[in-house]
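J.: Dropping the structure in here first, questions after.
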Protein chains: 2
Amino acid sequence: MDQIELVRSLKAKNDSKIVMYVGDGLGGLPQTPGGPTELEAAKTPNLDALAARGVQGGSIPVKPGIAPGSGPGHLGLFGYDPLKYLIGRGALEATGIGLIMQEGDVAVRCNFCTVDAEGKITDRRAGRIATEESAPLAIKLRQVKIDGIEIIVEPVKEHRFVVLFRGEGLDGNVHDTDPQATGVKPLDPKAADAASEKTAKIALEFFNQASKLLAGEKKANSLTMRGFSAKPSIPSFEDVYGLKAAAIAVYPMYKGLASLVGMDIIGDPHTLEEEIDLLEKHWEEYDFFFVHFKYTDSSGEDGKFELKVQRTEEFDAQIPRINALKPTVTIVTGDHSTPSFLASHSWHPVPTLLVSDCCRYDGHTSFGEKTTLTGGLGQFEAQYLMTLAMANAGRLGKYGA
Amino acid sequence: MDQIELVRSLKAKNDSKIVMYVGDGLGGLPQTPGGPTELEAAKTPNLDALAARGVQGGSIPVKPGIAPGSGPGHLGLFGYDPLKYLIGRGALEATGIGLIMQEGDVAVRCNFCTVDAEGKITDRRAGRIATEESAPLAIKLRQVKIDGIEIIVEPVKEHRFVVLFRGEGLDGNVHDTDPQATGVKPLDPKAADAASEKTAKIALEFFNQASKLLAGEKKANSLTMRGFSAKPSIPSFEDVYGLKAAAIAVYPMYKGLASLVGMDIIGDPHTLEEEIDLLEKHWEEYDFFFVHFKYTDSSGEDGKFELKVQRTEEFDAQIPRINALKPTVTIVTGDHSTPSFLASHSWHPVPTLLVSDCCRYDGHTSFGEKTTLTGGLGQFEAQYLMTLAMANAGRLGKYGA
């Protein structure tokens, strides 16, 4: 029995409310041995006050030493074992640009390429064509029509775009058509199982029509298709936890990830203030709120220590508004660490704080990487955080008699 | 290879003795943030002295956030993964009232109910008939006779009783006969597999004879049968650890749980003093002793902080008598936390202390929830505690060359 099945079998309902306040890439590193991390250098009076009535620890996103992408990072936070619940590349790409996949959809990552008169590939990425030039081509491909199938085409960056097929009887086990070489034609889409035969046929028809539409184009006159994937088979938040859940995020990727586990995406905020406005406005309608703040991650990715400190302080500043709503359980965490020292996602445990009336206070009065080492949550895999949230909310029955 | 198989393959024998001293529901919570837990408020000079020559940590009964019942709680302490080794509802009920199941037995939880002239259920719980009225009816059912089968009938509480079938060729995969509705007859017992066909037939015969015996009764004139279960398939303590093990407990449930893993149940003590008397008396006969103290749990379940403090002090007071026997390894722990703040079992890690000549002392000189956070055992799943005990007793060989 995995954790998801266990929690599903024990879940109970009550009137409690849970807020998961996620600072993307929250964990950091000092610039020099002995120095503070970004979180420790930041002035965070509100996090410190939460720490005094909470319990803290280090969340390991996947396994020790593993730095996750946003997909597995968030699946872990949402309580799904990120090594078991996988999001196909096409589905992740579609999700990343904000497409909401429905049951039965198949998403495909496509690359523009160039081919010669015989149809043989001359450049697999069409000279990394600029986005301004590739986007109109992607939009042109919306002219492709296939009976009984809805086709959604969305530009991504440079030579990349996404195609989503929607219709009856589709599945995602189709091999890539990119031959990974020049001087040969793109491969025909080939189904890896019987359930995906129809998808392969439709993909071939899409390729043929698209090739005609692109025939006269100079920068990119053909395409390859990769990472075919159906909507990931992930049991929903409602099913597993019995929680009516809302996601509040600025960036499409995080809305998409939340939608994959069945959360409602509310509003279209552009700032953290607007996100908290939405939290307040919809407070009575949901049991669980996932609130996502992007800039602790992007400043870390850019390698900017001081900027990440400042972003962390902005993250801290909205906490009194959350407190004022009196959540039963408040969780502050991140989906992974993004130390500006590394300018990338990392594997380091993520400082995590859980506050409820029945958490076992650990006596800390501040919140940072160092204090988590003696925090009451110890070091734990992120996939257990939702179970702890459910327990602290009084929403889990006893296991066995 | 799971932990049980690993330990079984490495076990070695010597003259060491291990005492596992279990304060049921030992872990607690403060009444207010920053305050002491029950264990921290209690005066426990003997536990503190043990801490000074031991190593401590937090035992997670099942997984983070999961509050266990007594069954999985104790299976974990005994080293069995509580998500893998399951005790069927009938077996747990039988165990809970002190029936010792043998290999091949099938236990069933039964409910008295009322039926109309056509045999259709009118009240599934016979109006929650009082125990004083239901017990004589259960005893009356001991008159049921079936060739080649020993039948044990024991009253439980109110409308509940237990039936245990003992004989050749029985297995426990039989569906419940409770239709979960009134206005319909109890279902016939139906086997879910071939090995349980005979059990289903015998259960039907029991139902028919019992219905006749109850026919004239006003309060309860029929029964339903649920949770058919064979003796759980759990490798014995002797087999896994090579330990001759004794259980000393006041309450039937804990004797029953210990008997399921093959421990000898010694004596019939009524107080903790009498339990330690038995420990002293049988010291030479066993390698391992499980000593169970109930009242840290029951006072917590009743929500009585001060009473739990007092019970914890009583638990502490017997430690010098255990020390005097000079065990090779002494473990003090609980099967779960029972904070009086919650008045129920909880998921919080259980303060756990291990003392041996070769434990790696962590420098603590007191024992409580807060000190465990920096204890040498860290936070660990309960199922690993027996392995640690075996290692500290010098009873485990090296894994691999």
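Every chain in the structure tokens has a letter given in the order shown (A, B, ...), and although residue numbers restart at 1 in each chain, ligands are simply numbered from 1 in the order shown.
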Once you count only C-alpha atoms, which residues of chain B turn out to be within 8 Å of chain A? Could you give them as a JSON list (two decimals) with N, CA and C atoms, in the first residue's frame?

T.:
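That gives us part-v1.json:
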```json
[["chain", "number", "residue", "atom", "x", "y", "z"],
["B", 29, "LEU", "N", 1.83, 16.01, 23.98],
["B", 29, "LEU", "CA", 1.89, 17.38, 23.47],
["B", 29, "LEU", "C", 1.83, 18.33, 24.65],
["B", 30, "PRO", "N", 2.38, 19.53, 24.47],
["B", 30, "PRO", "CA", 2.19, 20.56, 25.50],
["B", 30, "PRO", "C", 0.74, 21.05, 25.48],
["B", 33, "PRO", "N", 1.63, 26.40, 23.50],
["B", 33, "PRO", "CA", 2.93, 26.51, 22.83],
["B", 33, "PRO", "C", 4.02, 26.88, 23.84],
["B", 34, "GLY", "N", 5.13, 26.16, 23.77],
["B", 34, "GLY", "CA", 6.24, 26.45, 24.68],
["B", 34, "GLY", "C", 6.18, 25.70, 25.99],
["B", 63, "LYS", "N", 4.10, 5.73, 9.30],
["B", 63, "LYS", "CA", 4.68, 6.69, 8.38],
["B", 63, "LYS", "C", 4.34, 8.07, 8.94],
["B", 64, "PRO", "N", 5.05, 9.12, 8.52],
["B", 64, "PRO", "CA", 4.73, 10.45, 9.04],
["B", 64, "PRO", "C", 3.24, 10.77, 8.88],
["B", 65, "GLY", "N", 2.63, 11.24, 9.94],
["B", 65, "GLY", "CA", 1.23, 11.67, 9.88],
["B", 65, "GLY", "C", 0.20, 10.59, 10.13],
["B", 66, "ILE", "N", 0.63, 9.34, 10.25],
["B", 66, "ILE", "CA", -0.33, 8.24, 10.42],
["B", 66, "ILE", "C", -0.41, 7.84, 11.90],
["B", 67, "ALA", "N", -1.61, 7.98, 12.47],
["B", 67, "ALA", "CA", -1.87, 7.55, 13.84],
["B", 67, "ALA", "C", -2.32, 6.09, 13.81],
["B", 68, "PRO", "N", -1.62, 5.20, 14.48],
["B", 68, "PRO", "CA", -1.99, 3.78, 14.39],
["B", 68, "PRO", "C", -2.89, 3.34, 15.55],
["B", 69, "GLY", "N", -3.65, 2.29, 15.32],
["B", 69, "GLY", "CA", -4.28, 1.56, 16.41],
["B", 69, "GLY", "C", -3.23, 0.70, 17.11],
["B", 70, "SER", "N", -3.67, 0.00, 18.14],
["B", 70, "SER", "CA", -2.73, -0.82, 18.92],
["B", 70, "SER", "C", -2.11, -1.94, 18.09],
["B", 71, "GLY", "N", -2.88, -2.48, 17.16],
["B", 71, "GLY", "CA", -2.38, -3.59, 16.34],
["B", 71, "GLY", "C", -1.16, -3.18, 15.53],
["B", 72, "PRO", "N", -1.32, -2.26, 14.57],
["B", 72, "PRO", "CA", -0.15, -1.83, 13.79],
["B", 72, "PRO", "C", 0.93, -1.17, 14.66],
["B", 83, "LEU", "N", 2.47, -1.89, 7.44],
["B", 83, "LEU", "CA", 1.69, -1.78, 6.20],
["B", 83, "LEU", "C", 1.73, -3.09, 5.42],
["B", 84, "LYS", "N", 2.64, -3.97, 5.81],
["B", 84, "LYS", "CA", 2.78, -5.25, 5.10],
["B", 84, "LYS", "C", 2.13, -6.39, 5.87],
["B", 92, "LEU", "N", -8.22, -9.48, 15.04],
["B", 92, "LEU", "CA", -7.90, -8.42, 16.01],
["B", 92, "LEU", "C", -8.94, -8.40, 17.14],
["B", 341, "PHE", "N", -3.89, 16.37, 25.10],
["B", 341, "PHE", "CA", -4.43, 17.52, 24.36],
["B", 341, "PHE", "C", -5.42, 17.06, 23.28],
["B", 342, "LEU", "N", -5.15, 15.90, 22.68],
["B", 342, "LEU", "CA", -6.02, 15.39, 21.61],
["B", 342, "LEU", "C", -6.99, 14.32, 22.12],
["B", 345, "HIS", "N", -5.13, 8.58, 20.14],
["B", 345, "HIS", "CA", -3.87, 8.19, 19.53],
["B", 345, "HIS", "C", -3.46, 9.29, 18.54],
["B", 347, "TRP", "N", -0.16, 10.75, 15.60],
["B", 347, "TRP", "CA", 0.90, 10.44, 14.65],
["B", 347, "TRP", "C", 2.26, 10.93, 15.10],
["B", 348, "HIS", "N", 2.33, 11.69, 16.19],
["B", 348, "HIS", "CA", 3.60, 12.31, 16.57],
["B", 348, "HIS", "C", 4.64, 11.24, 16.94],
["B", 370, "LYS", "N", 11.46, 17.00, 23.43],
["B", 370, "LYS", "CA", 12.38, 17.99, 22.87],
["B", 370, "LYS", "C", 13.80, 17.42, 22.76],
["B", 373, "LEU", "N", 14.79, 15.38, 19.69],
["B", 373, "LEU", "CA", 15.05, 16.05, 18.41],
["B", 373, "LEU", "C", 16.53, 16.15, 18.09],
["B", 374, "THR", "N", 17.35, 16.07, 19.13],
["B", 374, "THR", "CA", 18.80, 16.07, 18.89],
["B", 374, "THR", "C", 19.42, 14.78, 19.42],
["B", 378, "GLY", "N", 17.87, 9.89, 16.01],
["B", 378, "GLY", "CA", 17.14, 10.69, 15.03],
["B", 378, "GLY", "C", 15.67, 10.35, 15.04],
["B", 379, "GLN", "N", 15.03, 10.56, 13.90],
["B", 379, "GLN", "CA", 13.65, 10.08, 13.74],
["B", 379, "GLN", "C", 13.73, 8.85, 12.85]]
```

J.: Using DSSP secondary structure from the backbone, list all helix (DSSP H, G or I) positions within stretch 87-327 of chain A, as number ranges by chain.

T.: A: 89-96, 126-128, 131-143, 194-214, 237-241, 252-260, 272-281, 283-285, 295-301, 305-317, 319-324

J.: How about saving the chosen residues, C-alpha atoms kept, as a JSON list (two decimals), in the first residue's frame?

T.:
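Output contents, as saved in again_28.json:
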```json
[["chain", "number", "residue", "atom", "x", "y", "z"],
["A", 89, "ARG", "CA", 7.21, 15.11, -21.53],
["A", 90, "GLY", "CA", 4.42, 16.19, -23.85],
["A", 91, "ALA", "CA", 2.00, 16.57, -20.95],
["A", 92, "LEU", "CA", 4.55, 18.58, -18.96],
["A", 93, "GLU", "CA", 5.25, 20.86, -21.92],
["A", 94, "ALA", "CA", 1.52, 21.41, -22.49],
["A", 95, "THR", "CA", 1.00, 22.00, -18.79],
["A", 96, "GLY", "CA", 3.95, 24.38, -18.72],
["A", 126, "ALA", "CA", 15.52, 24.95, -37.89],
["A", 127, "GLY", "CA", 18.57, 26.98, -36.88],
["A", 128, "ARG", "CA", 17.00, 27.62, -33.48],
["A", 131, "THR", "CA", 10.28, 32.77, -31.25],
["A", 132, "GLU", "CA", 8.91, 35.76, -33.17],
["A", 133, "GLU", "CA", 9.36, 33.82, -36.37],
["A", 134, "SER", "CA", 8.24, 30.41, -35.16],
["A", 135, "ALA", "CA", 5.09, 31.52, -33.35],
["A", 136, "PRO", "CA", 3.25, 32.60, -36.53],
["A", 137, "LEU", "CA", 4.15, 29.24, -38.12],
["A", 138, "ALA", "CA", 2.69, 27.38, -35.17],
["A", 139, "ILE", "CA", -0.45, 29.46, -35.41],
["A", 140, "LYS", "CA", -0.64, 28.70, -39.14],
["A", 141, "LEU", "CA", -0.77, 24.99, -38.25],
["A", 142, "ARG", "CA", -4.11, 25.59, -36.55],
["A", 143, "GLN", "CA", -5.52, 25.25, -40.09],
["A", 194, "ALA", "CA", -2.94, -1.20, -29.84],
["A", 195, "ALA", "CA", -4.67, 1.54, -27.82],
["A", 196, "SER", "CA", -2.43, 4.16, -29.47],
["A", 197, "GLU", "CA", -2.94, 3.07, -33.13],
["A", 198, "LYS", "CA", -5.49, 5.80, -33.72],
["A", 199, "THR", "CA", -3.19, 8.47, -32.29],
["A", 200, "ALA", "CA", -0.38, 7.35, -34.61],
["A", 201, "LYS", "CA", -2.68, 7.62, -37.65],
["A", 202, "ILE", "CA", -3.88, 11.07, -36.62],
["A", 203, "ALA", "CA", -0.32, 12.21, -35.97],
["A", 204, "LEU", "CA", 0.67, 11.09, -39.47],
["A", 205, "GLU", "CA", -2.27, 12.99, -40.96],
["A", 206, "PHE", "CA", -1.26, 16.04, -38.91],
["A", 207, "PHE", "CA", 2.30, 15.74, -40.19],
["A", 208, "ASN", "CA", 1.16, 15.49, -43.82],
["A", 209, "GLN", "CA", -1.16, 18.48, -43.66],
["A", 210, "ALA", "CA", 1.37, 20.51, -41.66],
["A", 211, "SER", "CA", 4.12, 19.73, -44.18],
["A", 212, "LYS", "CA", 1.96, 21.12, -46.96],
["A", 213, "LEU", "CA", 1.19, 24.28, -44.95],
["A", 214, "LEU", "CA", 4.91, 24.77, -44.25],
["A", 237, "PHE", "CA", -6.94, 15.68, -4.62],
["A", 238, "GLU", "CA", -10.65, 15.25, -4.03],
["A", 239, "ASP", "CA", -10.38, 11.48, -4.40],
["A", 240, "VAL", "CA", -7.27, 11.05, -2.23],
["A", 241, "TYR", "CA", -7.79, 13.69, 0.45],
["A", 252, "PRO", "CA", 0.99, 28.86, -16.19],
["A", 253, "MET", "CA", 3.29, 25.93, -15.30],
["A", 254, "TYR", "CA", 2.07, 25.85, -11.69],
["A", 255, "LYS", "CA", -1.55, 26.28, -12.62],
["A", 256, "GLY", "CA", -1.07, 23.36, -14.99],
["A", 257, "LEU", "CA", 0.57, 21.14, -12.38],
["A", 258, "ALA", "CA", -2.22, 21.89, -9.92],
["A", 259, "SER", "CA", -4.84, 21.14, -12.56],
["A", 260, "LEU", "CA", -3.26, 17.71, -13.17],
["A", 272, "LEU", "CA", 1.62, 38.03, -4.79],
["A", 273, "GLU", "CA", -0.69, 40.70, -3.39],
["A", 274, "GLU", "CA", -3.28, 39.76, -6.01],
["A", 275, "GLU", "CA", -2.79, 36.10, -5.13],
["A", 276, "ILE", "CA", -3.59, 36.81, -1.48],
["A", 277, "ASP", "CA", -6.57, 38.93, -2.58],
["A", 278, "LEU", "CA", -7.88, 35.79, -4.30],
["A", 279, "LEU", "CA", -7.17, 33.69, -1.21],
["A", 280, "GLU", "CA", -9.28, 36.07, 0.87],
["A", 281, "LYS", "CA", -12.04, 36.29, -1.71],
["A", 283, "TRP", "CA", -11.72, 31.56, 1.48],
["A", 284, "GLU", "CA", -15.16, 30.12, 2.17],
["A", 285, "GLU", "CA", -15.32, 28.06, -1.01],
["A", 295, "TYR", "CA", 10.41, 34.79, -7.54],
["A", 296, "THR", "CA", 12.38, 33.03, -4.80],
["A", 297, "ASP", "CA", 13.20, 30.53, -7.55],
["A", 298, "SER", "CA", 13.86, 32.84, -10.48],
["A", 299, "SER", "CA", 16.17, 35.11, -8.47],
["A", 300, "GLY", "CA", 18.08, 31.99, -7.32],
["A", 301, "GLU", "CA", 18.24, 30.67, -10.88],
["A", 305, "PHE", "CA", 21.77, 36.37, -3.68],
["A", 306, "GLU", "CA", 20.65, 39.86, -2.68],
["A", 307, "LEU", "CA", 17.65, 39.73, -4.98],
["A", 308, "LYS", "CA", 16.62, 36.36, -3.56],
["A", 309, "VAL", "CA", 16.89, 37.83, -0.04],
["A", 310, "GLN", "CA", 14.58, 40.64, -1.13],
["A", 311, "ARG", "CA", 12.12, 38.25, -2.78],
["A", 312, "THR", "CA", 12.09, 36.17, 0.40],
["A", 313, "GLU", "CA", 11.19, 39.29, 2.37],
["A", 314, "GLU", "CA", 8.31, 39.96, -0.05],
["A", 315, "PHE", "CA", 7.18, 36.36, 0.50],
["A", 316, "ASP", "CA", 7.32, 36.92, 4.28],
["A", 317, "ALA", "CA", 5.43, 40.20, 4.13],
["A", 319, "ILE", "CA", 1.98, 36.14, 5.89],
["A", 320, "PRO", "CA", -0.06, 38.35, 8.25],
["A", 321, "ARG", "CA", -2.86, 38.38, 5.68],
["A", 322, "ILE", "CA", -2.82, 34.58, 5.62],
["A", 323, "ASN", "CA", -2.75, 34.43, 9.44],
["A", 324, "ALA", "CA", -5.75, 36.76, 9.59]]
```

J.: At what distance in Å, to one decimal, does atom CA of B:Val163 lie from atom CA of B:Ile234?

T.: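 That distance, rounded to one decimal, is 21.6 Å.
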
J.: One decimal, Å: what's the distance from atom CA of B:Asp178 over to atom CA of B:Lys231, could you say?

T.: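 About the pair atom CA of B:Asp178 and atom CA of B:Lys231: they are 21.8 Å apart.
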
J.: From stretch 179-276 of chain B, collect each residue whose DSSP state is strand (DSSP E) and return the set as a list in words.

T.: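 So the strand (DSSP E) residues in stretch 179-276 of chain B would be Ser222, Leu223, Thr224, Met225, Arg226, Gly227, Phe228, Ser229, Ala230, Ala245, Ala246, Ala247, Ile248, Asp264 and Ile265 of chain B.
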
J.: So how many Å separate atom CA of A:Ile149 and atom CA of A:Asn221, to one decimal?

T.: 23.9 Å

J.: Between A:Val174, A:Arg109, A:Gly28, A:Ile60, which residue has the minimum interatomic distance to A:Val153, considering only C-alpha atoms?

T.: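 The answer is A:Arg109, which sits nearest to A:Val153.
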
J.: Which of these residues is nearest to B:Val332, using only C-alpha atoms: B:Val250, B:Ala51, B:Val115, B:Leu75?

T.: B:Ala51

J.: Select, from A:Ala191, A:Val62, A:Val19, A:Ile4, the residue with the minimum atom-to-atom distance to A:Pro349, counting only C-alpha atoms.

T.: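 Among the listed residues, A:Val62 lies closest to A:Pro349.
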